[in-house]
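Data file: input.txt. Format and content: compact mmCIF, N, CA and C atoms.
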```
# COMPACT_ATOMS: atom_id res chain seq x y z
N MET Z 422 5.46 -4.11 -20.01
CA MET Z 422 4.61 -3.11 -19.38
C MET Z 422 3.16 -3.35 -19.79
N THR Z 423 2.30 -3.03 -18.88
CA THR Z 423 0.88 -3.18 -19.14
C THR Z 423 0.14 -1.95 -18.65
N GLU Z 424 -0.90 -1.56 -19.33
CA GLU Z 424 -1.71 -0.43 -18.88
C GLU Z 424 -2.69 -0.91 -17.84
N LEU Z 425 -2.86 -0.10 -16.81
CA LEU Z 425 -3.79 -0.44 -15.74
C LEU Z 425 -5.02 0.46 -15.82
N THR Z 426 -6.16 -0.11 -15.55
CA THR Z 426 -7.38 0.68 -15.50
C THR Z 426 -7.49 1.34 -14.13
N PHE Z 427 -8.43 2.26 -14.00
CA PHE Z 427 -8.67 2.91 -12.72
C PHE Z 427 -8.99 1.87 -11.66
N LYS Z 428 -9.79 0.88 -12.04
CA LYS Z 428 -10.19 -0.18 -11.12
C LYS Z 428 -8.96 -0.98 -10.66
N ASP Z 429 -8.07 -1.32 -11.59
CA ASP Z 429 -6.84 -2.05 -11.25
C ASP Z 429 -6.00 -1.26 -10.25
N ILE Z 430 -5.84 0.02 -10.53
CA ILE Z 430 -5.03 0.89 -9.68
C ILE Z 430 -5.64 0.97 -8.28
N SER Z 431 -6.96 1.10 -8.22
CA SER Z 431 -7.64 1.18 -6.92
C SER Z 431 -7.49 -0.11 -6.12
N TYR Z 432 -7.63 -1.24 -6.78
CA TYR Z 432 -7.46 -2.54 -6.10
C TYR Z 432 -6.04 -2.69 -5.56
N ILE Z 433 -5.05 -2.34 -6.36
CA ILE Z 433 -3.66 -2.48 -5.95
C ILE Z 433 -3.37 -1.52 -4.79
N ARG Z 434 -3.86 -0.29 -4.87
CA ARG Z 434 -3.66 0.67 -3.79
C ARG Z 434 -4.28 0.16 -2.50
N SER Z 435 -5.47 -0.39 -2.61
CA SER Z 435 -6.16 -0.93 -1.43
C SER Z 435 -5.38 -2.10 -0.82
N ALA Z 436 -4.88 -2.99 -1.66
CA ALA Z 436 -4.10 -4.13 -1.18
C ALA Z 436 -2.81 -3.67 -0.51
N LEU Z 437 -2.18 -2.65 -1.07
CA LEU Z 437 -0.96 -2.12 -0.47
C LEU Z 437 -1.24 -1.50 0.90
N GLN Z 438 -2.35 -0.77 1.01
CA GLN Z 438 -2.73 -0.19 2.29
C GLN Z 438 -2.97 -1.29 3.33
N TYR Z 439 -3.64 -2.34 2.92
CA TYR Z 439 -3.93 -3.46 3.82
C TYR Z 439 -2.63 -4.12 4.29
N ARG Z 440 -1.72 -4.36 3.37
CA ARG Z 440 -0.44 -5.00 3.70
C ARG Z 440 0.38 -4.10 4.63
N LEU Z 441 0.42 -2.82 4.32
CA LEU Z 441 1.17 -1.87 5.13
C LEU Z 441 0.60 -1.81 6.55
N ALA Z 442 -0.71 -1.77 6.67
CA ALA Z 442 -1.36 -1.75 7.98
C ALA Z 442 -1.03 -3.02 8.76
N GLY Z 443 -0.99 -4.17 8.09
CA GLY Z 443 -0.65 -5.43 8.74
C GLY Z 443 0.77 -5.43 9.28
N LEU Z 444 1.70 -4.89 8.51
CA LEU Z 444 3.08 -4.81 8.96
C LEU Z 444 3.21 -3.87 10.16
N GLU Z 445 2.50 -2.75 10.10
CA GLU Z 445 2.55 -1.80 11.21
C GLU Z 445 1.93 -2.40 12.47
N ARG Z 446 0.84 -3.16 12.31
CA ARG Z 446 0.22 -3.84 13.46
C ARG Z 446 1.18 -4.86 14.07
N GLU Z 447 1.95 -5.52 13.22
CA GLU Z 447 2.92 -6.51 13.69
C GLU Z 447 3.97 -5.86 14.60
N ILE Z 448 4.45 -4.70 14.21
CA ILE Z 448 5.44 -3.97 15.02
C ILE Z 448 4.80 -3.50 16.33
N ILE Z 449 3.60 -2.93 16.24
CA ILE Z 449 2.91 -2.43 17.44
C ILE Z 449 2.61 -3.58 18.39
N SER Z 450 2.15 -4.69 17.84
CA SER Z 450 1.83 -5.86 18.65
C SER Z 450 3.07 -6.39 19.36
N ASP Z 451 4.18 -6.38 18.67
CA ASP Z 451 5.43 -6.85 19.28
C ASP Z 451 5.84 -5.92 20.42
N ASN Z 452 5.62 -4.63 20.26
CA ASN Z 452 5.98 -3.68 21.31
C ASN Z 452 5.12 -3.87 22.56
N LYS Z 453 3.84 -4.24 22.37
CA LYS Z 453 2.91 -4.38 23.49
C LYS Z 453 3.01 -5.74 24.17
N ASN Z 454 3.26 -6.79 23.41
CA ASN Z 454 3.24 -8.15 23.94
C ASN Z 454 4.65 -8.65 24.25
N SER Z 455 5.17 -8.19 25.35
CA SER Z 455 6.52 -8.61 25.71
C SER Z 455 6.54 -10.03 26.29
N LEU Z 456 5.34 -10.57 26.65
CA LEU Z 456 5.28 -11.92 27.21
C LEU Z 456 5.43 -12.99 26.13
N GLU Z 457 4.93 -12.69 24.93
CA GLU Z 457 5.06 -13.65 23.83
C GLU Z 457 6.48 -13.57 23.27
N LYS Z 458 6.77 -14.48 22.36
CA LYS Z 458 8.10 -14.50 21.75
C LYS Z 458 8.28 -13.20 20.95
N PRO Z 459 9.21 -12.36 21.38
CA PRO Z 459 9.41 -11.10 20.66
C PRO Z 459 10.10 -11.33 19.31
N LEU Z 460 9.94 -10.35 18.43
CA LEU Z 460 10.62 -10.40 17.14
C LEU Z 460 12.12 -10.26 17.37
N SER Z 461 12.88 -10.98 16.59
CA SER Z 461 14.33 -10.81 16.66
C SER Z 461 14.68 -9.47 16.01
N GLU Z 462 15.88 -9.02 16.26
CA GLU Z 462 16.31 -7.74 15.68
C GLU Z 462 16.29 -7.80 14.15
N ASP Z 463 16.68 -8.95 13.58
CA ASP Z 463 16.66 -9.11 12.12
C ASP Z 463 15.24 -9.07 11.58
N GLU Z 464 14.31 -9.72 12.29
CA GLU Z 464 12.91 -9.71 11.85
C GLU Z 464 12.34 -8.30 11.91
N ARG Z 465 12.65 -7.58 12.97
CA ARG Z 465 12.16 -6.21 13.13
C ARG Z 465 12.70 -5.31 12.01
N ILE Z 466 13.99 -5.45 11.71
CA ILE Z 466 14.60 -4.65 10.64
C ILE Z 466 13.97 -5.00 9.30
N GLU Z 467 13.74 -6.28 9.05
CA GLU Z 467 13.13 -6.70 7.79
C GLU Z 467 11.71 -6.12 7.65
N ILE Z 468 10.95 -6.14 8.73
CA ILE Z 468 9.59 -5.58 8.69
C ILE Z 468 9.65 -4.08 8.46
N GLN Z 469 10.58 -3.40 9.10
CA GLN Z 469 10.70 -1.95 8.91
C GLN Z 469 11.12 -1.61 7.48
N GLU Z 470 12.00 -2.43 6.90
CA GLU Z 470 12.37 -2.22 5.49
C GLU Z 470 11.17 -2.46 4.58
N ASP Z 471 10.38 -3.49 4.89
CA ASP Z 471 9.16 -3.76 4.11
C ASP Z 471 8.19 -2.59 4.21
N ILE Z 472 8.05 -2.01 5.40
CA ILE Z 472 7.16 -0.87 5.59
C ILE Z 472 7.59 0.29 4.70
N ILE Z 473 8.87 0.57 4.67
CA ILE Z 473 9.39 1.65 3.82
C ILE Z 473 9.11 1.36 2.35
N PHE Z 474 9.37 0.12 1.92
CA PHE Z 474 9.14 -0.27 0.53
C PHE Z 474 7.66 -0.13 0.15
N TYR Z 475 6.77 -0.70 0.98
CA TYR Z 475 5.35 -0.64 0.67
C TYR Z 475 4.81 0.77 0.75
N ASP Z 476 5.35 1.59 1.64
CA ASP Z 476 4.91 2.98 1.76
C ASP Z 476 5.24 3.75 0.49
N LYS Z 477 6.44 3.55 -0.05
CA LYS Z 477 6.83 4.22 -1.30
C LYS Z 477 5.96 3.74 -2.46
N LEU Z 478 5.73 2.45 -2.51
CA LEU Z 478 4.90 1.88 -3.57
C LEU Z 478 3.46 2.38 -3.46
N LEU Z 479 2.96 2.44 -2.24
CA LEU Z 479 1.61 2.95 -2.00
C LEU Z 479 1.49 4.39 -2.48
N TYR Z 480 2.49 5.21 -2.18
CA TYR Z 480 2.48 6.60 -2.63
C TYR Z 480 2.37 6.69 -4.15
N GLN Z 481 3.12 5.85 -4.85
CA GLN Z 481 3.06 5.87 -6.32
C GLN Z 481 1.67 5.50 -6.82
N PHE Z 482 1.04 4.52 -6.20
CA PHE Z 482 -0.29 4.12 -6.65
C PHE Z 482 -1.35 5.13 -6.24
N GLU Z 483 -1.16 5.82 -5.13
CA GLU Z 483 -2.10 6.88 -4.76
C GLU Z 483 -2.03 8.01 -5.77
N GLN Z 484 -0.82 8.35 -6.21
CA GLN Z 484 -0.66 9.40 -7.21
C GLN Z 484 -1.27 8.97 -8.55
N ALA Z 485 -1.06 7.73 -8.93
CA ALA Z 485 -1.62 7.20 -10.18
C ALA Z 485 -3.15 7.20 -10.10
N GLU Z 486 -3.69 6.87 -8.93
CA GLU Z 486 -5.14 6.85 -8.76
C GLU Z 486 -5.72 8.25 -8.89
N LYS Z 487 -5.03 9.24 -8.32
CA LYS Z 487 -5.50 10.63 -8.44
C LYS Z 487 -5.50 11.06 -9.90
N GLN Z 488 -4.45 10.70 -10.63
CA GLN Z 488 -4.36 11.07 -12.04
C GLN Z 488 -5.43 10.36 -12.87
N SER Z 489 -5.68 9.10 -12.56
CA SER Z 489 -6.65 8.35 -13.36
C SER Z 489 -8.08 8.71 -12.98
N GLN Z 490 -8.27 9.31 -11.80
CA GLN Z 490 -9.61 9.74 -11.39
C GLN Z 490 -10.18 10.73 -12.40
N VAL Z 491 -9.35 11.62 -12.90
CA VAL Z 491 -9.80 12.61 -13.88
C VAL Z 491 -10.32 11.90 -15.13
N MET Z 492 -9.62 10.89 -15.58
CA MET Z 492 -10.05 10.18 -16.79
C MET Z 492 -11.33 9.40 -16.53
N LYS Z 493 -11.52 8.92 -15.31
CA LYS Z 493 -12.70 8.14 -14.98
C LYS Z 493 -13.96 9.01 -15.01
N ILE Z 494 -13.83 10.27 -14.58
CA ILE Z 494 -14.98 11.15 -14.45
C ILE Z 494 -15.30 11.88 -15.75
N THR Z 495 -14.37 11.92 -16.68
CA THR Z 495 -14.58 12.65 -17.91
C THR Z 495 -15.87 12.20 -18.60
N PRO Z 496 -16.79 13.15 -18.86
CA PRO Z 496 -18.04 12.77 -19.51
C PRO Z 496 -17.81 12.38 -20.98
N SER Z 497 -18.70 11.59 -21.48
CA SER Z 497 -18.59 11.20 -22.88
C SER Z 497 -19.04 12.37 -23.76
N ILE Z 498 -18.55 12.37 -24.95
CA ILE Z 498 -18.90 13.42 -25.90
C ILE Z 498 -19.77 12.81 -26.99
N VAL Z 499 -20.91 13.41 -27.22
CA VAL Z 499 -21.82 12.90 -28.24
C VAL Z 499 -21.80 13.87 -29.42
N LEU Z 500 -21.51 13.35 -30.59
CA LEU Z 500 -21.51 14.16 -31.81
C LEU Z 500 -22.71 13.80 -32.66
N PRO Z 501 -23.40 14.82 -33.18
CA PRO Z 501 -24.58 14.53 -34.03
C PRO Z 501 -24.20 13.91 -35.36
```
Spell out the structure here as structure tokens.
Amino acid sequence: MTELTFKDISYIRSALQYRLAGLEREIISDNKNSLEKPLSEDERIEIQEDIIFYDKLLYQFEQAEKQSQVMKITPSIVLP
């Protein structure tokens, strides 16, 4: 296990959002472009499973980012 900084969590969350959007675009594109080679049923199922997996993972990182936001904003304490 490793501790992640706020910056690490934000980068990972952003990458997950990007990947999830790409998978969703792939499904939408396949639905619209019936002239091109359509996805096989196995490919479609695999993409849908990936979407579910990345969505759950994204949710976890969004929650971690919200929690770490508090620590990021905490002002420093100066003692005389």
Which residues, written as a count of residues only, have at least one atom at most 9 Å from segment 439-455 of chain Z, with only C-alpha atoms counted and residues fewer than 4 positions away on the same chain left out?
-> 12
Atomic separation - atom CA of Met422 of chain Z relative to atom N of Gln438 of chain Z, Å |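 Computed distance, atom N of Gln438 of chain Z to atom CA of Met422 of chain Z, equals 21.7 Å.
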Which value, in Å to one decimal, gives the distance between atom N of Lys428 of chain Z and atom C of Phe474 of chain Z?
-> 21.3 Å
Pull the helix (DSSP H, G or I) assignments for chain Z out of DSSP run on the backbone, and list those residues as a PDB file with N, CA and C atoms, in the frame of the given file.
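Contents of states.pdb, freshly written:
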```
ATOM      1  N   PHE Z 427      -8.430   2.260 -14.000  1.00  0.00           N
ATOM      2  CA  PHE Z 427      -8.670   2.910 -12.720  1.00  0.00           C
ATOM      3  C   PHE Z 427      -8.990   1.870 -11.660  1.00  0.00           C
ATOM      4  N   LYS Z 428      -9.790   0.880 -12.040  1.00  0.00           N
ATOM      5  CA  LYS Z 428     -10.190  -0.180 -11.120  1.00  0.00           C
ATOM      6  C   LYS Z 428      -8.960  -0.980 -10.660  1.00  0.00           C
ATOM      7  N   ASP Z 429      -8.070  -1.320 -11.590  1.00  0.00           N
ATOM      8  CA  ASP Z 429      -6.840  -2.050 -11.250  1.00  0.00           C
ATOM      9  C   ASP Z 429      -6.000  -1.260 -10.250  1.00  0.00           C
ATOM     10  N   ILE Z 430      -5.840   0.020 -10.530  1.00  0.00           N
ATOM     11  CA  ILE Z 430      -5.030   0.890  -9.680  1.00  0.00           C
ATOM     12  C   ILE Z 430      -5.640   0.970  -8.280  1.00  0.00           C
ATOM     13  N   SER Z 431      -6.960   1.100  -8.220  1.00  0.00           N
ATOM     14  CA  SER Z 431      -7.640   1.180  -6.920  1.00  0.00           C
ATOM     15  C   SER Z 431      -7.490  -0.110  -6.120  1.00  0.00           C
ATOM     16  N   TYR Z 432      -7.630  -1.240  -6.780  1.00  0.00           N
ATOM     17  CA  TYR Z 432      -7.460  -2.540  -6.100  1.00  0.00           C
ATOM     18  C   TYR Z 432      -6.040  -2.690  -5.560  1.00  0.00           C
ATOM     19  N   ILE Z 433      -5.050  -2.340  -6.360  1.00  0.00           N
ATOM     20  CA  ILE Z 433      -3.660  -2.480  -5.950  1.00  0.00           C
ATOM     21  C   ILE Z 433      -3.370  -1.520  -4.790  1.00  0.00           C
ATOM     22  N   ARG Z 434      -3.860  -0.290  -4.870  1.00  0.00           N
ATOM     23  CA  ARG Z 434      -3.660   0.670  -3.790  1.00  0.00           C
ATOM     24  C   ARG Z 434      -4.280   0.160  -2.500  1.00  0.00           C
ATOM     25  N   SER Z 435      -5.470  -0.390  -2.610  1.00  0.00           N
ATOM     26  CA  SER Z 435      -6.160  -0.930  -1.430  1.00  0.00           C
ATOM     27  C   SER Z 435      -5.380  -2.100  -0.820  1.00  0.00           C
ATOM     28  N   ALA Z 436      -4.880  -2.990  -1.660  1.00  0.00           N
ATOM     29  CA  ALA Z 436      -4.100  -4.130  -1.180  1.00  0.00           C
ATOM     30  C   ALA Z 436      -2.810  -3.670  -0.510  1.00  0.00           C
ATOM     31  N   LEU Z 437      -2.180  -2.650  -1.070  1.00  0.00           N
ATOM     32  CA  LEU Z 437      -0.960  -2.120  -0.470  1.00  0.00           C
ATOM     33  C   LEU Z 437      -1.240  -1.500   0.900  1.00  0.00           C
ATOM     34  N   GLN Z 438      -2.350  -0.770   1.010  1.00  0.00           N
ATOM     35  CA  GLN Z 438      -2.730  -0.190   2.290  1.00  0.00           C
ATOM     36  C   GLN Z 438      -2.970  -1.290   3.330  1.00  0.00           C
ATOM     37  N   TYR Z 439      -3.640  -2.340   2.920  1.00  0.00           N
ATOM     38  CA  TYR Z 439      -3.930  -3.460   3.820  1.00  0.00           C
ATOM     39  C   TYR Z 439      -2.630  -4.120   4.290  1.00  0.00           C
ATOM     40  N   ARG Z 440      -1.720  -4.360   3.370  1.00  0.00           N
ATOM     41  CA  ARG Z 440      -0.440  -5.000   3.700  1.00  0.00           C
ATOM     42  C   ARG Z 440       0.380  -4.100   4.630  1.00  0.00           C
ATOM     43  N   LEU Z 441       0.420  -2.820   4.320  1.00  0.00           N
ATOM     44  CA  LEU Z 441       1.170  -1.870   5.130  1.00  0.00           C
ATOM     45  C   LEU Z 441       0.600  -1.810   6.550  1.00  0.00           C
ATOM     46  N   ALA Z 442      -0.710  -1.770   6.670  1.00  0.00           N
ATOM     47  CA  ALA Z 442      -1.360  -1.750   7.980  1.00  0.00           C
ATOM     48  C   ALA Z 442      -1.030  -3.020   8.760  1.00  0.00           C
ATOM     49  N   GLY Z 443      -0.990  -4.170   8.090  1.00  0.00           N
ATOM     50  CA  GLY Z 443      -0.650  -5.430   8.740  1.00  0.00           C
ATOM     51  C   GLY Z 443       0.770  -5.430   9.280  1.00  0.00           C
ATOM     52  N   LEU Z 444       1.700  -4.890   8.510  1.00  0.00           N
ATOM     53  CA  LEU Z 444       3.080  -4.810   8.960  1.00  0.00           C
ATOM     54  C   LEU Z 444       3.210  -3.870  10.160  1.00  0.00           C
ATOM     55  N   GLU Z 445       2.500  -2.750  10.100  1.00  0.00           N
ATOM     56  CA  GLU Z 445       2.550  -1.800  11.210  1.00  0.00           C
ATOM     57  C   GLU Z 445       1.930  -2.400  12.470  1.00  0.00           C
ATOM     58  N   ARG Z 446       0.840  -3.160  12.310  1.00  0.00           N
ATOM     59  CA  ARG Z 446       0.220  -3.840  13.460  1.00  0.00           C
ATOM     60  C   ARG Z 446       1.180  -4.860  14.070  1.00  0.00           C
ATOM     61  N   GLU Z 447       1.950  -5.520  13.220  1.00  0.00           N
ATOM     62  CA  GLU Z 447       2.920  -6.510  13.690  1.00  0.00           C
ATOM     63  C   GLU Z 447       3.970  -5.860  14.600  1.00  0.00           C
ATOM     64  N   ILE Z 448       4.450  -4.700  14.210  1.00  0.00           N
ATOM     65  CA  ILE Z 448       5.440  -3.970  15.020  1.00  0.00           C
ATOM     66  C   ILE Z 448       4.800  -3.500  16.330  1.00  0.00           C
ATOM     67  N   ILE Z 449       3.600  -2.930  16.240  1.00  0.00           N
ATOM     68  CA  ILE Z 449       2.910  -2.430  17.440  1.00  0.00           C
ATOM     69  C   ILE Z 449       2.610  -3.580  18.390  1.00  0.00           C
ATOM     70  N   SER Z 450       2.150  -4.690  17.840  1.00  0.00           N
ATOM     71  CA  SER Z 450       1.830  -5.860  18.650  1.00  0.00           C
ATOM     72  C   SER Z 450       3.070  -6.390  19.360  1.00  0.00           C
ATOM     73  N   ASP Z 451       4.180  -6.380  18.670  1.00  0.00           N
ATOM     74  CA  ASP Z 451       5.430  -6.850  19.280  1.00  0.00           C
ATOM     75  C   ASP Z 451       5.840  -5.920  20.420  1.00  0.00           C
ATOM     76  N   ASN Z 452       5.620  -4.630  20.260  1.00  0.00           N
ATOM     77  CA  ASN Z 452       5.980  -3.680  21.310  1.00  0.00           C
ATOM     78  C   ASN Z 452       5.120  -3.870  22.560  1.00  0.00           C
ATOM     79  N   LYS Z 453       3.840  -4.240  22.370  1.00  0.00           N
ATOM     80  CA  LYS Z 453       2.910  -4.380  23.490  1.00  0.00           C
ATOM     81  C   LYS Z 453       3.010  -5.740  24.170  1.00  0.00           C
ATOM     82  N   GLU Z 462      15.880  -9.020  16.260  1.00  0.00           N
ATOM     83  CA  GLU Z 462      16.310  -7.740  15.680  1.00  0.00           C
ATOM     84  C   GLU Z 462      16.290  -7.800  14.150  1.00  0.00           C
ATOM     85  N   ASP Z 463      16.680  -8.950  13.580  1.00  0.00           N
ATOM     86  CA  ASP Z 463      16.660  -9.110  12.120  1.00  0.00           C
ATOM     87  C   ASP Z 463      15.240  -9.070  11.580  1.00  0.00           C
ATOM     88  N   GLU Z 464      14.310  -9.720  12.290  1.00  0.00           N
ATOM     89  CA  GLU Z 464      12.910  -9.710  11.850  1.00  0.00           C
ATOM     90  C   GLU Z 464      12.340  -8.300  11.910  1.00  0.00           C
ATOM     91  N   ARG Z 465      12.650  -7.580  12.970  1.00  0.00           N
ATOM     92  CA  ARG Z 465      12.160  -6.210  13.130  1.00  0.00           C
ATOM     93  C   ARG Z 465      12.700  -5.310  12.010  1.00  0.00           C
ATOM     94  N   ILE Z 466      13.990  -5.450  11.710  1.00  0.00           N
ATOM     95  CA  ILE Z 466      14.600  -4.650  10.640  1.00  0.00           C
ATOM     96  C   ILE Z 466      13.970  -5.000   9.300  1.00  0.00           C
ATOM     97  N   GLU Z 467      13.740  -6.280   9.050  1.00  0.00           N
ATOM     98  CA  GLU Z 467      13.130  -6.700   7.790  1.00  0.00           C
ATOM     99  C   GLU Z 467      11.710  -6.120   7.650  1.00  0.00           C
ATOM    100  N   ILE Z 468      10.950  -6.140   8.730  1.00  0.00           N
ATOM    101  CA  ILE Z 468       9.590  -5.580   8.690  1.00  0.00           C
ATOM    102  C   ILE Z 468       9.650  -4.080   8.460  1.00  0.00           C
ATOM    103  N   GLN Z 469      10.580  -3.400   9.100  1.00  0.00           N
ATOM    104  CA  GLN Z 469      10.700  -1.950   8.910  1.00  0.00           C
ATOM    105  C   GLN Z 469      11.120  -1.610   7.480  1.00  0.00           C
ATOM    106  N   GLU Z 470      12.000  -2.430   6.900  1.00  0.00           N
ATOM    107  CA  GLU Z 470      12.370  -2.220   5.490  1.00  0.00           C
ATOM    108  C   GLU Z 470      11.170  -2.460   4.580  1.00  0.00           C
ATOM    109  N   ASP Z 471      10.380  -3.490   4.890  1.00  0.00           N
ATOM    110  CA  ASP Z 471       9.160  -3.760   4.110  1.00  0.00           C
ATOM    111  C   ASP Z 471       8.190  -2.590   4.210  1.00  0.00           C
ATOM    112  N   ILE Z 472       8.050  -2.010   5.400  1.00  0.00           N
ATOM    113  CA  ILE Z 472       7.160  -0.870   5.590  1.00  0.00           C
ATOM    114  C   ILE Z 472       7.590   0.290   4.700  1.00  0.00           C
ATOM    115  N   ILE Z 473       8.870   0.570   4.670  1.00  0.00           N
ATOM    116  CA  ILE Z 473       9.390   1.650   3.820  1.00  0.00           C
ATOM    117  C   ILE Z 473       9.110   1.360   2.350  1.00  0.00           C
ATOM    118  N   PHE Z 474       9.370   0.120   1.920  1.00  0.00           N
ATOM    119  CA  PHE Z 474       9.140  -0.270   0.530  1.00  0.00           C
ATOM    120  C   PHE Z 474       7.660  -0.130   0.150  1.00  0.00           C
ATOM    121  N   TYR Z 475       6.770  -0.700   0.980  1.00  0.00           N
ATOM    122  CA  TYR Z 475       5.350  -0.640   0.670  1.00  0.00           C
ATOM    123  C   TYR Z 475       4.810   0.770   0.750  1.00  0.00           C
ATOM    124  N   ASP Z 476       5.350   1.590   1.640  1.00  0.00           N
ATOM    125  CA  ASP Z 476       4.910   2.980   1.760  1.00  0.00           C
ATOM    126  C   ASP Z 476       5.240   3.750   0.490  1.00  0.00           C
ATOM    127  N   LYS Z 477       6.440   3.550  -0.050  1.00  0.00           N
ATOM    128  CA  LYS Z 477       6.830   4.220  -1.300  1.00  0.00           C
ATOM    129  C   LYS Z 477       5.960   3.740  -2.460  1.00  0.00           C
ATOM    130  N   LEU Z 478       5.730   2.450  -2.510  1.00  0.00           N
ATOM    131  CA  LEU Z 478       4.900   1.880  -3.570  1.00  0.00           C
ATOM    132  C   LEU Z 478       3.460   2.380  -3.460  1.00  0.00           C
ATOM    133  N   LEU Z 479       2.960   2.440  -2.240  1.00  0.00           N
ATOM    134  CA  LEU Z 479       1.610   2.950  -2.000  1.00  0.00           C
ATOM    135  C   LEU Z 479       1.490   4.390  -2.480  1.00  0.00           C
ATOM    136  N   TYR Z 480       2.490   5.210  -2.180  1.00  0.00           N
ATOM    137  CA  TYR Z 480       2.480   6.600  -2.630  1.00  0.00           C
ATOM    138  C   TYR Z 480       2.370   6.690  -4.150  1.00  0.00           C
ATOM    139  N   GLN Z 481       3.120   5.850  -4.850  1.00  0.00           N
ATOM    140  CA  GLN Z 481       3.060   5.870  -6.320  1.00  0.00           C
ATOM    141  C   GLN Z 481       1.670   5.500  -6.820  1.00  0.00           C
ATOM    142  N   PHE Z 482       1.040   4.520  -6.200  1.00  0.00           N
ATOM    143  CA  PHE Z 482      -0.290   4.120  -6.650  1.00  0.00           C
ATOM    144  C   PHE Z 482      -1.350   5.130  -6.240  1.00  0.00           C
ATOM    145  N   GLU Z 483      -1.160   5.820  -5.130  1.00  0.00           N
ATOM    146  CA  GLU Z 483      -2.100   6.880  -4.760  1.00  0.00           C
ATOM    147  C   GLU Z 483      -2.030   8.010  -5.770  1.00  0.00           C
ATOM    148  N   GLN Z 484      -0.820   8.350  -6.210  1.00  0.00           N
ATOM    149  CA  GLN Z 484      -0.660   9.400  -7.210  1.00  0.00           C
ATOM    150  C   GLN Z 484      -1.270   8.970  -8.550  1.00  0.00           C
ATOM    151  N   ALA Z 485      -1.060   7.730  -8.930  1.00  0.00           N
ATOM    152  CA  ALA Z 485      -1.620   7.200 -10.180  1.00  0.00           C
ATOM    153  C   ALA Z 485      -3.150   7.200 -10.100  1.00  0.00           C
ATOM    154  N   GLU Z 486      -3.690   6.870  -8.930  1.00  0.00           N
ATOM    155  CA  GLU Z 486      -5.140   6.850  -8.760  1.00  0.00           C
ATOM    156  C   GLU Z 486      -5.720   8.250  -8.890  1.00  0.00           C
ATOM    157  N   LYS Z 487      -5.030   9.240  -8.320  1.00  0.00           N
ATOM    158  CA  LYS Z 487      -5.500  10.630  -8.440  1.00  0.00           C
ATOM    159  C   LYS Z 487      -5.500  11.060  -9.900  1.00  0.00           C
ATOM    160  N   GLN Z 488      -4.450  10.700 -10.630  1.00  0.00           N
ATOM    161  CA  GLN Z 488      -4.360  11.070 -12.040  1.00  0.00           C
ATOM    162  C   GLN Z 488      -5.430  10.360 -12.870  1.00  0.00           C
ATOM    163  N   SER Z 489      -5.680   9.100 -12.560  1.00  0.00           N
ATOM    164  CA  SER Z 489      -6.650   8.350 -13.360  1.00  0.00           C
ATOM    165  C   SER Z 489      -8.080   8.710 -12.980  1.00  0.00           C
ATOM    166  N   GLN Z 490      -8.270   9.310 -11.800  1.00  0.00           N
ATOM    167  CA  GLN Z 490      -9.610   9.740 -11.390  1.00  0.00           C
ATOM    168  C   GLN Z 490     -10.180  10.730 -12.400  1.00  0.00           C
ATOM    169  N   VAL Z 491      -9.350  11.620 -12.900  1.00  0.00           N
ATOM    170  CA  VAL Z 491      -9.800  12.610 -13.880  1.00  0.00           C
ATOM    171  C   VAL Z 491     -10.320  11.900 -15.130  1.00  0.00           C
ATOM    172  N   MET Z 492      -9.620  10.890 -15.580  1.00  0.00           N
ATOM    173  CA  MET Z 492     -10.050  10.180 -16.790  1.00  0.00           C
ATOM    174  C   MET Z 492     -11.330   9.400 -16.530  1.00  0.00           C
ATOM    175  N   LYS Z 493     -11.520   8.920 -15.310  1.00  0.00           N
ATOM    176  CA  LYS Z 493     -12.700   8.140 -14.980  1.00  0.00           C
ATOM    177  C   LYS Z 493     -13.960   9.010 -15.010  1.00  0.00           C
ATOM    178  N   ILE Z 494     -13.830  10.270 -14.580  1.00  0.00           N
ATOM    179  CA  ILE Z 494     -14.980  11.150 -14.450  1.00  0.00           C
ATOM    180  C   ILE Z 494     -15.300  11.880 -15.750  1.00  0.00           C
TER     181      ILE Z 494
END
```
Interatomic distance, atom CA of Glu467 of chain Z to atom CA of Leu437 of chain Z (Å, one decimal) = 17.0 Å
